[in-house]
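Engineer: One structure, as structure tokens, below. Some questions next.
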Amino acid sequence: MRISETIIPPRDIAGYRCKVGDGWDFYVTAPAWKEEVCRGLDSKRLAATMAERGYIDGPADRRAKLVRVPGHGQQRLYHVLSRVLEDAQ
């Protein structure tokens, strides 16, 4: 797995992406998940629903998983699979 290696101050990062086949998997930081992606929604419920449908890969008890990001160390991120966009078409 190769995650984008552009160096950006951590406070400005909403997440990362990783090329998987013809699509992109996204790794979203917890603050961005709660404040941006889920704005106005129940973030835990959305993560659980997406996991049930196979759009998020992560442990059932937390939904976010530990991922080693080059240049940024290990972080807890929501792993949104590329199929979430593929299934929307």
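Residues are named by chain letter and number: chains run A, B, ... in the order of the structure tokens, numbers start at 1 in each chain, and ligands are numbered from 1 in the order shown.
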Report as a list in words all protein, DNA and RNA residues lying within 12 Å of region 37-41 of chain A, evaluated on only C-alpha atoms, omitting residues in the same chain fewer than 2 positions from it.

Structural biologist: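 With the cut-off at 12 Å, the set is Ala14, Gly15, Phe26, Tyr27, Val28, Thr29, Ala30, Pro31, Ala32, Trp33, Lys34, Glu35, Ser43, Lys44, Arg45, Leu46, Ala47, Met50, Tyr78 and Val80 of chain A.
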
Engineer: Give the strand (DSSP E or B) residues of chain A, as assigned by DSSP on the backbone, as a list in words.

Structural biologist: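 Checking each residue of chain A, the strand (DSSP E or B) ones are Ile3, Gly15, Tyr16, Arg17, Cys18, Lys19, Val20, Gly23, Trp24, Asp25, Phe26, Tyr27, Val28, Thr29, Ile56, Asp57, Lys65, Leu66, Val67, Arg68, Val69, Gly73, Gln74, Gln75, Arg76, Leu77, Tyr78, His79 and Val80 of chain A.
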
Engineer: Which distance in Å separates CA of Lys65 (chain A) and CA of Gly21 (chain A), to one decimal?

Structural biologist: 21.4 Å

Engineer: Which distance in Å separates CA of Val84 (chain A) and CA of Asp57 (chain A), to one decimal?

Structural biologist: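 Result for CA of Val84 (chain A) versus CA of Asp57 (chain A): 11.4 Å, one decimal.
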
Engineer: Measuring atom to atom with only C-alpha atoms, identify which of A:Asp87, A:Glu36, A:Gly23, A:Leu66 is nearest to Arg53 (chain A).

Structural biologist: A:Asp87

Engineer: Please identify which residues in region 5-48 of chain A DSSP calls helix (DSSP H, G or I) from the backbone, and express them as a PyMOL selection string.

Structural biologist: chain A and resi 10-12+30-37+43-48
